[in-house]
Amino acid sequence: MIDVTLLWLPVLVSAVLVFVVSSVFHMLTPWHKGDYASVPREDDVMQALRPFGLQPGDYMMPRPSSMEEMKSTAFADKARLGPKIVMTVLPGGSMSMGKNLIGWFLYLVVVAAIVGCLDALALHPDAHHHDVFHLTAIAAFLGYAAALWQMTIWYNRSIGTTIRSTIDGAIYAIITAAVFSYFWPA
């Protein structure tokens, strides 16, 4: 076991590198361009929803209020007629990404720090760089990608979006593992 404070450098370097690579993937390549489809007659749909004053949050339609309602004929008819929708309403205003980018970077630091804690518990100071790489890659992959599949399983999120994001997570895990392997204290 090693002192986890010795891993602050790989935690920060891997977070910065993953942040840069993810920014390239999302802003400079068409890799995620098709993740979200446009709604037909978008302006009309937006105009129709405005009077409801939907607050930012996650919504589902139809949404039963109880298990009993879910078993009712009326609810079954609503679900059959559709559309069935799972949606996230974001706050109105400008499309500033500052808060999202800060949140993403903090998330990357947290994942790398948790991976570092696991590595510190499981590996010794003179661990072979292959062992550091493999353990770090597996743990980082779990942090970056494993939970993405829940949205596909439960809410029919696009399998293509989930696969692309999982590939991103594998690349981020490899970057994190390479950084930890390179900076592993000897």
# chains A, B, ... in the order shown; residues from 1 in each chain; ligands from 1

$ select_by_dssp --residues "chain A" --states "helix (DSSP H, G or I)" --output "MDAnalysis selection string"
chainID A and resid 4:27 42:52 67:70 73:81 98:122 129:146 148:155 159:183

$ closest_atom_pairs --of "range 25-93 of chain A" --to "range 135-159 of chain A" --cutoff "9 Å" --atoms "only C-alpha atoms" --output "Markdown table"
| residue | atom | partner | partner_atom | distance |
| --- | --- | --- | --- | --- |
| A:Asp35 | CA | A:Ser158 | CA | 7.6 |
| A:Tyr36 | CA | A:Ser158 | CA | 8.7 |
| A:Val86 | CA | A:Tyr155 | CA | 7.1 |

$ closest_atom_pairs --of "range 13-115 of chain A" --to "range 163-169 of chain A" --cutoff "9 Å" --atoms "only C-alpha atoms" --output "Markdown table"
| residue | atom | partner | partner_atom | distance |
| --- | --- | --- | --- | --- |
| A:Ser22 | CA | A:Asp168 | CA | 7.6 |
| A:Phe25 | CA | A:Asp168 | CA | 8.2 |
| A:Trp31 | CA | A:Arg164 | CA | 7.6 |
| A:His32 | CA | A:Arg164 | CA | 7.4 |
| A:Asp35 | CA | A:Arg164 | CA | 8.8 |

$ atom_distance --atom1 "CA of Ile171 in chain A" --atom2 "CA of Leu6 in chain A"
24.4 Å

$ residues_around --residues "Leu9 in chain A" --least-positions-apart "5" --cutoff "10 Å" --atoms "only C-alpha atoms" --output "PDB file with all heavy atoms, in the first residue's frame"
ATOM      1  N   SER A  14      -4.195  13.302 -15.321  1.00  0.00           N
ATOM      2  CA  SER A  14      -5.159  12.490 -16.076  1.00  0.00           C
ATOM      3  C   SER A  14      -6.476  13.234 -16.257  1.00  0.00           C
ATOM      4  O   SER A  14      -7.089  13.177 -17.331  1.00  0.00           O
ATOM      5  CB  SER A  14      -5.376  11.128 -15.416  1.00  0.00           C
ATOM      6  OG  SER A  14      -5.974  11.251 -14.146  1.00  0.00           O
ATOM      7  N   ALA A  15      -6.921  13.963 -15.234  1.00  0.00           N
ATOM      8  CA  ALA A  15      -8.160  14.734 -15.365  1.00  0.00           C
ATOM      9  C   ALA A  15      -8.028  15.793 -16.454  1.00  0.00           C
ATOM     10  O   ALA A  15      -8.944  15.966 -17.277  1.00  0.00           O
ATOM     11  CB  ALA A  15      -8.539  15.376 -14.032  1.00  0.00           C
ATOM     12  N   VAL A 179      -1.348   7.585 -17.637  1.00  0.00           N
ATOM     13  CA  VAL A 179      -0.810   8.633 -16.764  1.00  0.00           C
ATOM     14  C   VAL A 179      -0.411   8.046 -15.408  1.00  0.00           C
ATOM     15  O   VAL A 179       0.681   8.304 -14.902  1.00  0.00           O
ATOM     16  CB  VAL A 179      -1.822   9.790 -16.602  1.00  0.00           C
ATOM     17  CG1 VAL A 179      -1.394  10.750 -15.498  1.00  0.00           C
ATOM     18  CG2 VAL A 179      -2.004  10.529 -17.914  1.00  0.00           C
ATOM     19  N   PHE A 180      -1.299   7.248 -14.804  1.00  0.00           N
ATOM     20  CA  PHE A 180      -0.979   6.638 -13.506  1.00  0.00           C
ATOM     21  C   PHE A 180       0.237   5.719 -13.627  1.00  0.00           C
ATOM     22  O   PHE A 180       1.092   5.692 -12.740  1.00  0.00           O
ATOM     23  CB  PHE A 180      -2.184   5.880 -12.951  1.00  0.00           C
ATOM     24  CG  PHE A 180      -3.099   6.720 -12.121  1.00  0.00           C
ATOM     25  CD1 PHE A 180      -3.982   7.598 -12.710  1.00  0.00           C
ATOM     26  CD2 PHE A 180      -3.072   6.637 -10.737  1.00  0.00           C
ATOM     27  CE1 PHE A 180      -4.842   8.379 -11.946  1.00  0.00           C
ATOM     28  CE2 PHE A 180      -3.921   7.405  -9.964  1.00  0.00           C
ATOM     29  CZ  PHE A 180      -4.809   8.282 -10.566  1.00  0.00           C
ATOM     30  N   PHE A 183       3.407   7.954 -13.875  1.00  0.00           N
ATOM     31  CA  PHE A 183       3.748   8.696 -12.667  1.00  0.00           C
ATOM     32  C   PHE A 183       3.749   7.840 -11.401  1.00  0.00           C
ATOM     33  O   PHE A 183       3.859   8.378 -10.297  1.00  0.00           O
ATOM     34  CB  PHE A 183       2.783   9.875 -12.459  1.00  0.00           C
ATOM     35  CG  PHE A 183       3.008  11.014 -13.395  1.00  0.00           C
ATOM     36  CD1 PHE A 183       2.110  11.274 -14.420  1.00  0.00           C
ATOM     37  CD2 PHE A 183       4.118  11.834 -13.269  1.00  0.00           C
ATOM     38  CE1 PHE A 183       2.294  12.325 -15.288  1.00  0.00           C
ATOM     39  CE2 PHE A 183       4.333  12.895 -14.135  1.00  0.00           C
ATOM     40  CZ  PHE A 183       3.421  13.153 -15.155  1.00  0.00           C
ATOM     41  N   TRP A 184       3.600   6.530 -11.539  1.00  0.00           N
ATOM     42  CA  TRP A 184       3.515   5.680 -10.344  1.00  0.00           C
ATOM     43  C   TRP A 184       4.774   5.820  -9.502  1.00  0.00           C
ATOM     44  O   TRP A 184       5.882   5.691  -9.997  1.00  0.00           O
ATOM     45  CB  TRP A 184       3.292   4.220 -10.737  1.00  0.00           C
ATOM     46  CG  TRP A 184       2.940   3.383  -9.554  1.00  0.00           C
ATOM     47  CD1 TRP A 184       3.723   2.466  -8.928  1.00  0.00           C
ATOM     48  CD2 TRP A 184       1.702   3.393  -8.853  1.00  0.00           C
ATOM     49  NE1 TRP A 184       3.062   1.912  -7.871  1.00  0.00           N
ATOM     50  CE2 TRP A 184       1.813   2.471  -7.804  1.00  0.00           C
ATOM     51  CE3 TRP A 184       0.510   4.108  -8.996  1.00  0.00           C
ATOM     52  CZ2 TRP A 184       0.792   2.212  -6.903  1.00  0.00           C
ATOM     53  CZ3 TRP A 184      -0.508   3.863  -8.112  1.00  0.00           C
ATOM     54  CH2 TRP A 184      -0.371   2.929  -7.070  1.00  0.00           C
TER      55      TRP A 184
END

$ atom_distance --atom1 "CA of Pro10 in chain A" --atom2 "CA of Trp104 in chain A"
17.5 Å

$ select_by_dssp --residues "range 64-149 of chain A" --states "strand (DSSP E or B)" --output "list in words"
Ile85, Val86, Met87, Thr88 and Val89 of chain A

$ residues_around --residues "range 120-122 of chain A" --least-positions-apart "5" --cutoff "8 Å" --atoms "only C-alpha atoms" --output "ChimeraX atom specification"
/A:1-4
